[in-house]
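What's in data-v7.txt: compact mmCIF, C-alpha atoms
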```txt
# COMPACT_ATOMS: atom_id res chain seq x y z
CA ASN A 141 -92.39 -26.47 0.86
CA GLU A 142 -92.81 -24.70 -2.45
CA MET A 143 -96.00 -22.68 -2.28
CA HIS A 144 -98.98 -22.45 -4.66
CA GLY A 145 -98.90 -26.14 -5.59
CA PHE A 146 -101.09 -29.13 -4.73
CA ILE A 147 -101.77 -32.84 -5.18
CA LEU A 148 -105.17 -34.57 -5.29
CA PHE A 149 -105.68 -37.97 -3.66
CA LYS A 150 -108.49 -40.44 -4.25
CA GLU A 151 -110.46 -41.93 -1.36
CA ASP A 152 -108.30 -45.07 -1.38
CA GLY A 153 -105.15 -43.00 -0.83
CA SER A 154 -103.86 -43.26 -4.39
CA TYR A 155 -102.86 -40.23 -6.43
CA PHE A 156 -105.42 -38.65 -8.73
CA THR A 157 -102.88 -36.09 -9.97
CA ASP A 158 -99.16 -35.62 -10.01
CA TYR A 159 -97.87 -32.57 -8.17
CA ILE A 160 -99.38 -29.51 -9.86
CA SER A 161 -96.99 -26.59 -9.28
CA TRP A 162 -97.50 -22.85 -9.78
CA GLN A 163 -95.65 -23.20 -13.09
CA ASN A 164 -98.54 -25.26 -14.50
CA GLU A 165 -100.68 -22.39 -15.74
CA PHE A 166 -103.83 -24.29 -16.70
CA GLY A 167 -105.90 -21.26 -15.75
CA ASN A 168 -105.13 -19.71 -19.15
CA ILE A 169 -106.53 -22.67 -21.10
CA ASP A 170 -110.02 -22.19 -22.50
CA TYR A 171 -112.80 -24.69 -21.92
CA ASN A 172 -116.28 -24.13 -23.37
CA GLY A 173 -115.10 -20.73 -24.58
CA VAL A 174 -113.86 -19.45 -21.21
CA ASN A 175 -110.84 -19.99 -18.96
CA SER A 176 -110.51 -20.13 -15.18
CA CYS A 177 -108.80 -16.77 -14.83
CA ASP A 178 -111.45 -14.90 -16.79
CA LEU A 179 -114.15 -16.58 -14.71
CA LEU A 180 -112.50 -15.68 -11.39
CA ARG A 181 -111.89 -12.09 -12.53
CA SER A 182 -115.57 -11.51 -13.19
CA GLU A 183 -117.25 -9.00 -10.91
CA GLU A 184 -119.27 -11.73 -9.20
CA TYR A 185 -116.15 -13.08 -7.47
CA ASP A 186 -114.30 -9.85 -6.67
CA ARG A 187 -115.37 -9.76 -3.01
CA TYR A 188 -114.22 -13.33 -2.46
CA ILE A 189 -110.91 -13.05 -4.31
CA VAL A 190 -109.83 -9.94 -2.41
CA LYS A 191 -110.19 -11.74 0.95
CA THR A 192 -107.76 -14.45 -0.17
CA GLY A 193 -104.97 -11.87 -0.38
CA MET A 194 -104.01 -13.36 -3.76
CA LYS A 195 -104.66 -11.83 -7.14
CA VAL A 196 -106.02 -14.23 -9.75
CA ARG A 197 -103.16 -16.02 -11.52
CA ALA A 198 -103.14 -18.85 -14.03
CA GLY A 199 -100.91 -21.07 -11.88
CA LEU A 200 -102.72 -20.80 -8.55
CA PRO A 201 -104.56 -23.90 -7.26
CA SER A 202 -107.84 -21.96 -7.52
CA SER A 203 -107.41 -21.54 -11.30
CA ASN A 204 -105.84 -24.93 -11.92
CA LEU A 205 -108.53 -26.85 -10.02
CA ILE A 206 -111.35 -25.24 -11.99
CA TYR A 207 -109.68 -26.19 -15.26
CA LEU A 208 -108.81 -29.75 -14.17
CA SER A 209 -112.34 -30.45 -12.95
CA ASN A 210 -113.71 -29.50 -16.36
CA ALA A 211 -111.03 -31.23 -18.44
CA PHE A 212 -110.79 -34.44 -16.36
CA PRO A 213 -114.14 -35.27 -14.73
CA TYR A 214 -114.24 -37.61 -11.73
CA GLU A 215 -117.24 -38.82 -9.77
CA GLY A 216 -115.59 -39.88 -6.52
CA GLU A 217 -114.42 -37.77 -3.58
CA LEU A 218 -110.98 -36.16 -3.82
CA PHE A 219 -108.65 -34.85 -1.12
CA PHE A 220 -106.52 -31.70 -1.47
CA TYR A 221 -102.94 -31.58 -0.13
CA THR A 222 -100.14 -29.08 -0.42
CA LEU A 223 -96.71 -30.52 -1.18
CA GLY A 224 -95.48 -30.55 2.43
CA ASP A 225 -98.75 -32.02 3.69
CA CYS A 226 -98.58 -34.76 1.07
CA ILE A 227 -95.08 -35.73 2.20
CA ILE A 228 -96.19 -35.86 5.85
CA LYS A 229 -99.15 -38.07 4.92
CA ARG A 230 -97.13 -40.48 2.77
CA VAL A 231 -94.09 -40.79 5.04
CA PHE A 232 -95.82 -40.88 8.43
CA ASN A 233 -99.22 -42.29 7.37
CA THR A 234 -101.06 -39.61 9.31
CA GLU A 235 -103.47 -36.84 8.43
CA PRO A 236 -101.61 -33.50 8.49
CA VAL A 237 -102.84 -30.08 9.53
CA CYS A 238 -102.47 -27.45 6.80
CA HIS A 239 -100.57 -24.36 7.97
CA VAL A 240 -102.23 -21.06 7.12
CA SER A 241 -99.20 -20.01 5.03
CA ASN A 242 -99.92 -22.87 2.62
CA ALA A 243 -103.70 -22.55 2.79
CA ALA A 244 -103.49 -18.86 1.87
CA ALA A 245 -101.11 -19.60 -1.01
CA SER A 246 -103.86 -21.62 -2.71
CA GLY A 247 -106.02 -18.61 -3.57
CA LEU A 248 -108.88 -20.54 -1.95
CA TYR A 249 -108.61 -19.37 1.67
CA ASP A 250 -110.18 -16.29 3.25
CA ILE A 251 -107.41 -14.99 5.53
CA GLU A 252 -109.67 -12.42 7.19
CA ASN A 253 -112.48 -14.82 8.16
CA LYS A 254 -110.22 -17.91 8.38
CA ARG A 255 -112.22 -20.22 6.13
CA TRP A 256 -111.99 -22.00 2.82
CA VAL A 257 -113.96 -19.96 0.29
CA ALA A 258 -116.93 -22.15 -0.59
CA GLU A 259 -118.07 -19.68 -3.25
CA ILE A 260 -114.87 -20.26 -5.24
CA LEU A 261 -114.76 -23.99 -4.52
CA ASP A 262 -118.29 -24.25 -5.95
CA LEU A 263 -116.69 -23.54 -9.36
CA VAL A 264 -114.64 -26.72 -8.98
CA LYS A 265 -116.70 -29.61 -10.30
CA TYR A 266 -114.97 -32.20 -8.12
CA ARG A 267 -116.31 -33.31 -4.75
CA ILE A 268 -113.22 -32.06 -2.97
CA ASN A 269 -112.28 -32.40 0.68
CA MET A 270 -110.18 -29.46 1.91
CA PRO A 271 -107.83 -29.95 4.88
CA LYS A 272 -108.12 -28.58 8.39
CA VAL A 273 -106.15 -25.36 8.76
CA GLY A 274 -104.20 -24.91 11.99
CA GLU A 275 -100.84 -24.81 13.74
CA GLU A 276 -101.00 -27.73 16.15
CA LYS A 277 -98.23 -30.31 16.14
CA ILE A 278 -98.92 -34.04 15.72
CA SER A 279 -97.06 -36.78 17.60
CA VAL A 280 -96.70 -40.12 15.82
CA ASN A 281 -94.83 -43.38 16.36
CA TYR A 282 -92.25 -43.85 13.62
CA PHE A 283 -89.89 -46.86 13.72
CA ASP A 284 -90.49 -47.13 17.48
CA LYS A 285 -89.67 -43.48 18.03
CA THR A 286 -92.05 -40.68 18.93
CA VAL A 287 -91.82 -38.01 16.22
CA HIS A 288 -93.33 -34.54 16.65
CA LEU A 289 -94.56 -33.19 13.32
CA PHE A 290 -94.91 -29.46 12.76
CA PRO A 291 -97.27 -28.37 9.98
CA ALA A 292 -95.40 -27.74 6.73
CA ILE A 293 -94.92 -24.01 6.13
CA GLY A 294 -94.55 -21.94 2.97
CA ASP A 295 -91.00 -21.52 1.72
CA TYR A 296 -91.38 -17.75 1.49
CA GLN A 297 -92.44 -17.33 5.11
CA ALA A 298 -89.62 -19.66 6.18
CA ALA A 299 -87.07 -17.61 4.21
CA LEU A 300 -88.23 -14.26 5.62
CA LEU A 301 -88.35 -15.62 9.16
CA GLY A 302 -84.75 -16.77 8.74
CA ALA A 303 -83.69 -13.56 7.02
CA GLY A 304 -84.76 -11.72 10.15
CA ILE A 305 -87.70 -9.53 9.15
CA LYS A 306 -89.29 -8.55 12.45
CA SER A 307 -90.04 -4.83 12.46
CA PHE A 308 -92.62 -2.75 10.67
CA ASN A 309 -89.66 -0.60 9.59
CA ASP A 310 -88.01 -3.49 7.71
CA ILE A 311 -88.30 -4.18 3.99
CA SER A 312 -87.31 -7.47 2.36
CA PHE A 313 -85.94 -7.98 -1.14
CA ASN A 314 -85.96 -11.72 -1.81
CA LEU A 315 -84.25 -12.01 -5.18
CA GLY A 316 -83.86 -15.50 -6.61
CA THR A 317 -85.27 -17.29 -9.66
CA GLY A 318 -88.20 -14.95 -9.22
CA ALA A 319 -88.29 -11.99 -6.87
CA GLN A 320 -90.54 -10.67 -4.13
CA VAL A 321 -90.58 -7.40 -2.18
CA SER A 322 -92.32 -7.38 1.21
CA VAL A 323 -93.02 -5.38 4.34
CA LEU A 324 -94.50 -6.51 7.65
CA SER A 325 -97.84 -5.40 9.11
CA ASP A 326 -99.87 -6.24 12.20
CA LYS A 327 -103.19 -5.83 10.39
CA VAL A 328 -104.82 -6.98 7.17
CA VAL A 329 -105.12 -4.20 4.60
CA PHE A 330 -106.25 -5.58 1.25
CA SER A 331 -105.14 -3.84 -1.92
CA ASP A 332 -105.09 -4.44 -5.65
CA LYS A 333 -101.40 -3.42 -5.59
CA TYR A 334 -99.99 -6.29 -3.52
CA GLN A 335 -100.65 -9.72 -2.05
CA VAL A 336 -101.40 -10.23 1.65
CA LEU A 337 -99.76 -13.28 3.23
CA PRO A 338 -100.13 -14.60 6.79
CA PHE A 339 -96.88 -14.48 8.75
CA PHE A 340 -95.87 -15.60 12.22
CA GLY A 341 -96.86 -13.84 15.42
CA ASP A 342 -100.29 -12.83 14.07
CA ASN A 343 -98.59 -10.55 11.54
CA PHE A 344 -98.98 -10.28 7.79
CA LEU A 345 -96.74 -9.62 4.81
CA PHE A 346 -97.65 -7.19 2.07
CA ARG A 347 -95.87 -8.62 -0.96
CA ILE A 348 -95.23 -7.87 -4.62
CA ALA A 349 -94.36 -11.24 -6.13
CA HIS A 350 -93.54 -12.65 -9.57
CA LEU A 351 -91.00 -9.94 -10.36
CA PRO A 352 -88.53 -10.86 -13.13
CA SER A 353 -85.20 -11.89 -11.60
CA GLY A 354 -82.85 -14.82 -12.22
CA ARG A 355 -85.21 -16.61 -14.60
CA ALA A 356 -85.39 -13.50 -16.79
CA LEU A 357 -81.62 -12.95 -16.75
CA ASN A 358 -81.20 -16.54 -17.91
CA VAL A 359 -82.80 -15.51 -21.22
CA TYR A 360 -79.79 -13.27 -21.89
CA PHE A 361 -77.38 -15.88 -20.54
CA ARG A 362 -78.72 -18.48 -23.01
CA PHE A 363 -78.50 -15.91 -25.82
CA PHE A 364 -74.81 -15.25 -25.14
CA LYS A 365 -74.11 -18.96 -24.79
CA ASP A 366 -75.83 -19.64 -28.12
CA ILE A 367 -73.71 -17.00 -29.88
CA LEU A 368 -70.52 -18.56 -28.52
CA GLY A 369 -71.72 -21.98 -29.69
CA CYS A 370 -72.30 -20.64 -33.20
CA PHE A 371 -68.58 -19.83 -33.34
CA ASP A 372 -67.61 -23.23 -31.87
CA PHE A 373 -66.58 -21.79 -28.52
CA SER A 374 -67.28 -23.87 -25.45
CA VAL A 375 -67.21 -21.68 -22.32
CA ASP A 376 -68.04 -22.65 -18.75
CA ASP A 377 -71.30 -21.21 -17.47
CA SER A 378 -69.48 -19.62 -14.55
CA ARG A 379 -67.18 -17.72 -16.90
CA ILE A 380 -70.15 -16.37 -18.88
CA TRP A 381 -71.76 -15.12 -15.67
CA ASP A 382 -68.46 -13.60 -14.49
CA THR A 383 -68.11 -11.77 -17.80
CA ILE A 384 -71.69 -10.50 -17.63
CA LEU A 385 -71.17 -9.09 -14.14
CA LYS A 386 -67.78 -7.57 -14.95
CA ASN A 387 -69.35 -5.63 -17.82
CA VAL A 388 -72.15 -4.04 -15.83
CA LYS A 389 -71.37 -0.33 -15.60
CA GLU A 390 -72.82 2.52 -13.57
CA ASP A 391 -75.45 3.28 -16.18
CA THR A 392 -76.15 2.56 -19.82
CA ASP A 393 -76.85 4.58 -22.91
CA ASN A 394 -80.44 4.78 -24.04
CA ILE A 395 -81.14 1.03 -24.45
CA ILE A 396 -84.25 -0.19 -22.60
CA CYS A 397 -84.86 -3.87 -21.84
CA GLY A 398 -88.27 -5.27 -21.01
CA MET A 399 -87.79 -8.26 -18.71
CA GLY A 400 -91.35 -9.60 -18.84
CA PHE A 401 -90.66 -12.85 -20.70
CA PHE A 402 -93.55 -14.48 -18.80
CA GLU A 403 -96.54 -13.42 -16.71
CA ASN A 404 -95.13 -11.02 -14.14
CA SER A 405 -95.89 -8.13 -11.78
CA ALA A 406 -93.51 -5.61 -13.30
CA ASP A 407 -95.42 -4.87 -16.49
CA THR A 408 -98.32 -6.08 -18.60
CA TYR A 409 -96.12 -7.89 -21.12
CA SER A 410 -95.58 -11.64 -21.29
CA LYS A 411 -92.76 -11.21 -23.81
CA GLY A 412 -89.47 -9.40 -23.39
CA TYR A 413 -88.11 -6.68 -25.64
CA ILE A 414 -85.09 -4.46 -26.36
CA LYS A 415 -85.73 -0.98 -27.70
CA ASP A 416 -84.25 2.49 -28.25
CA ILE A 417 -81.03 1.09 -29.71
CA GLY A 418 -78.68 3.73 -31.11
CA GLU A 419 -76.45 2.96 -34.09
CA PHE A 420 -73.32 2.44 -31.97
CA GLU A 421 -74.98 1.59 -28.64
CA PHE A 422 -75.76 -2.08 -29.11
CA THR A 423 -72.76 -3.41 -27.19
CA PHE A 424 -72.43 -6.30 -24.78
CA SER A 425 -71.84 -3.95 -21.84
CA ASN A 426 -74.79 -1.70 -22.68
CA LEU A 427 -77.10 -4.68 -23.10
CA VAL A 428 -76.28 -6.45 -19.82
CA THR A 429 -76.32 -3.14 -17.93
CA ALA A 430 -79.74 -2.23 -19.34
CA ALA A 431 -81.19 -5.65 -18.42
CA ILE A 432 -79.84 -5.67 -14.86
CA LYS A 433 -80.67 -1.99 -14.31
CA GLN A 434 -84.27 -2.66 -15.37
CA GLU A 435 -84.57 -5.47 -12.85
CA ALA A 436 -83.27 -3.24 -10.06
CA ASP A 437 -85.69 -0.48 -11.04
CA ASN A 438 -88.57 -2.97 -11.02
CA PHE A 439 -87.67 -3.89 -7.42
CA ILE A 440 -87.50 -0.23 -6.40
CA LYS A 441 -90.89 0.47 -7.99
CA ALA A 442 -92.36 -2.50 -6.09
CA SER A 443 -91.01 -1.11 -2.81
CA TYR A 444 -93.12 2.02 -3.32
CA MET A 445 -96.19 -0.15 -3.87
CA VAL A 446 -95.91 -2.13 -0.62
CA CYS A 447 -94.61 0.70 1.56
CA ASP A 448 -96.63 3.84 2.28
CA ASN A 449 -93.68 5.62 3.89
CA ARG A 450 -90.27 4.59 2.59
CA ASP A 451 -88.67 7.30 4.75
CA ALA A 452 -89.56 5.19 7.80
CA ILE A 453 -87.57 2.18 6.57
CA GLU A 454 -84.63 1.44 8.88
CA ARG A 455 -83.43 -1.93 7.58
CA VAL A 456 -83.15 -3.31 4.04
CA ILE A 457 -82.91 -7.10 4.11
CA PHE A 458 -81.58 -8.94 1.06
CA SER A 459 -81.90 -12.68 0.46
CA GLY A 460 -81.72 -15.04 -2.49
CA GLY A 461 -79.07 -15.91 -5.06
CA ILE A 462 -79.42 -12.85 -7.29
CA ALA A 463 -79.11 -10.50 -4.31
CA LYS A 464 -75.90 -12.27 -3.31
CA LYS A 465 -74.48 -12.41 -6.83
CA ILE A 466 -75.17 -8.93 -8.25
CA GLU A 467 -73.79 -6.04 -6.22
CA PHE A 468 -75.09 -3.53 -8.79
CA ILE A 469 -78.69 -4.45 -7.93
CA ARG A 470 -78.10 -4.23 -4.17
CA LYS A 471 -76.42 -0.83 -4.48
CA ARG A 472 -79.06 0.64 -6.79
CA ILE A 473 -81.80 -0.44 -4.37
CA THR A 474 -80.08 0.81 -1.22
CA ASP A 475 -79.18 4.11 -2.90
CA SER A 476 -82.91 4.70 -3.38
CA PHE A 477 -83.44 4.77 0.41
CA ASP A 478 -82.30 7.13 3.13
CA GLU A 479 -78.53 6.78 3.57
CA LYS A 480 -79.00 5.79 7.22
CA VAL A 481 -80.68 2.45 6.50
CA ASP A 482 -78.96 -0.70 7.73
CA VAL A 483 -78.32 -3.26 5.00
CA ILE A 484 -78.50 -6.97 5.84
CA MET A 485 -77.45 -9.78 3.51
CA ALA A 486 -79.11 -12.96 4.76
CA GLU A 487 -77.42 -16.35 4.45
CA ASN A 488 -79.04 -19.81 4.67
CA GLU A 489 -82.28 -18.00 5.40
CA THR A 490 -84.69 -20.89 4.77
CA LEU A 491 -82.87 -23.33 7.06
CA LEU A 492 -82.52 -20.63 9.71
CA GLY A 493 -86.23 -19.94 9.32
CA LEU A 494 -87.08 -23.59 9.94
CA ASP A 495 -84.87 -23.53 13.03
CA LYS A 496 -86.70 -20.45 14.34
CA TYR A 497 -90.06 -22.03 13.46
CA SER A 498 -89.24 -25.10 15.53
CA ASN A 499 -88.73 -22.87 18.57
CA LEU A 500 -91.79 -20.63 18.23
```
Kindly return the structure encoded in the file as structure tokens.
Amino acid sequence: NEMHGFILFKEDGSYFTDYISWQNEFGNIDYNGVNSCDLLRSEEYDRYIVKTGMKVRAGLPSSNLIYLSNAFPYEGELFFYTLGDCIIKRVFNTEPVCHVSNAAASGLYDIENKRWVAEILDLVKYRINMPKVGEEKISVNYFDKTVHLFPAIGDYQAALLGAGIKSFNDISFNLGTGAQVSVLSDKVVFSDKYQVLPFFGDNFLFRIAHLPSGRALNVYFRFFKDILGCFDFSVDDSRIWDTILKNVKEDTDNIICGMGFFENSADTYSKGYIKDIGEFEFTFSNLVTAAIKQEADNFIKASYMVCDNRDAIERVIFSGGIAKKIEFIRKRITDSFDEKVDVIMAENETLLGLDKYSNL
């Protein structure tokens, strides 16, 4: 399931909330002169936040729950479910076990000591019941058949399992709507540079997430489509994308594009920009090249942050729609590594990951 989201149930099994996804950034909304993110970033909570492996973000369940409990008070007991766990509960009428990949994605779980962080949950003004975290399967009777239910797992871990990351000398570039760069480790090493995520086989992923990717490129796509519409041209979306990619050249003149149109890990901006435009340099080709080049350079910079020794990398694993679609990005990334690295382009990685998960 999609990670970093949740649903709250009442005691009678009815919904208290709709699904609250990571895109609902309530943590930035002030209440009583403060917001959830500022509260969680205070020095008092540093030692608890670091053990979650997640930096404070406005769309994490930790931030969203604090805001909701202040904005929408409730006296009864509430029950916390991730999206996959909610589906298991509603379809099979059974209490699910929360997989550690989803628990850790909440920003509320101490991955080193394997516990929900009571000190953060104390900031939530609801009486909230957190699920059991584990990996055991549940057998239920469903339409006179015995069904074996695996705990729902995070979509990112599923994708990387299917993409084939398995060695400490692998690096993954998962480039889709958003992008993530990860390496594998057999030990927890917390850092303010990257997230730490539980993976399979008692391993962990060091990850830079929330990198501008397809969502950021869509800003330029909509801009070009709007221009065409102003001149009464109706062009298929696929043709616009084809034209964008055909006009990407080896490098661009001095134009620089900031791709941070939203909260991201590449820079401190939450707005994009275009700068250093020469008098005769503001062309379609220069613009799309600058934007796509900047994304590739963001991914390369992230690889230095998660990897202490890039010279030891033996395999570069690509996955996600942007990695498949834009050869320029793949080439610029691989050119930044030793020429001996093997390059893998994963296909159907999430479904393959679920298949592998079912056989672990």
**Polymer residues at most 12 Å from Leu500 of chain A, all atoms listed in the file, same-chain spacing of 2 or more positions, as a PyMOL selection string** = chain A and resi 275-277+290+301+340-341+493-498
**Prompt:** How many Å lie between atom CA of Phe344 of chain A and atom CA of Phe308 of chain A, rounded to one decimal?
**Reply:** 10.3 Å
**Message:** Counting only C-alpha atoms, which residue out of A:Tyr266, A:Tyr334, A:Tyr282, A:Phe422 sits closest to Lys195 of chain A?
**Reply:**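 Ranking A:Tyr266, A:Tyr334, A:Tyr282, A:Phe422 by distance to Lys195 of chain A, first place goes to A:Tyr334.
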**Request:** Determine, counting only C-alpha atoms, which protein, DNA and RNA residues have an atom within 12 Å of an atom of Lys365 of chain A; residues of the same chain fewer than 2 positions away are not included. Present the result as a list of chain:residue names.
**Result:**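 Non-adjacent residues within range: A:Asn358, A:Val359, A:Tyr360, A:Phe361, A:Arg362, A:Phe363, A:Ile367, A:Leu368, A:Gly369, A:Cys370, A:Phe371, A:Asp372, A:Phe373, A:Ser374, A:Val375, A:Asp376, A:Asp377, A:Ser378, A:Arg379, A:Ile380, A:Trp381, A:Thr383, A:Ile384.
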**Asked** Any idea what's packed within 9 Å of Leu208 of chain A, counting all atoms listed in the file, ignoring anything in its chain fewer than 3 positions away? Could you give it as a ChimeraX atom specification?
**Response** /A:166,203-205,211-213,264-266
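Comparing the minimum interatomic distances between Gly302 of chain A and each of A:Lys464, A:Val237, A:Ile278, A:Asn314, counting only C-alpha atoms, we find that A:Asn314 sits nearest.
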Please define a box with edges along x, y and z of the file around all atoms of segment 147-152 of chain A given in the file, extend it by 4 Å on each side, and return its centre and edge lengths in Å to one decimal, as AutoDock Vina command-line options.
```
--center_x -106.1 --center_y -39.0 --center_z -3.3 --size_x 16.7 --size_y 20.2 --size_z 11.9
```
**Message:** as a ChimeraX atom specification, please: the residues near Trp256 of chain A (cut-off 10 Å, all atoms listed in the file, same-chain neighbours under 4 positions excluded).
**Reply:** /A:192,243-244,246-251,260-261,270-273
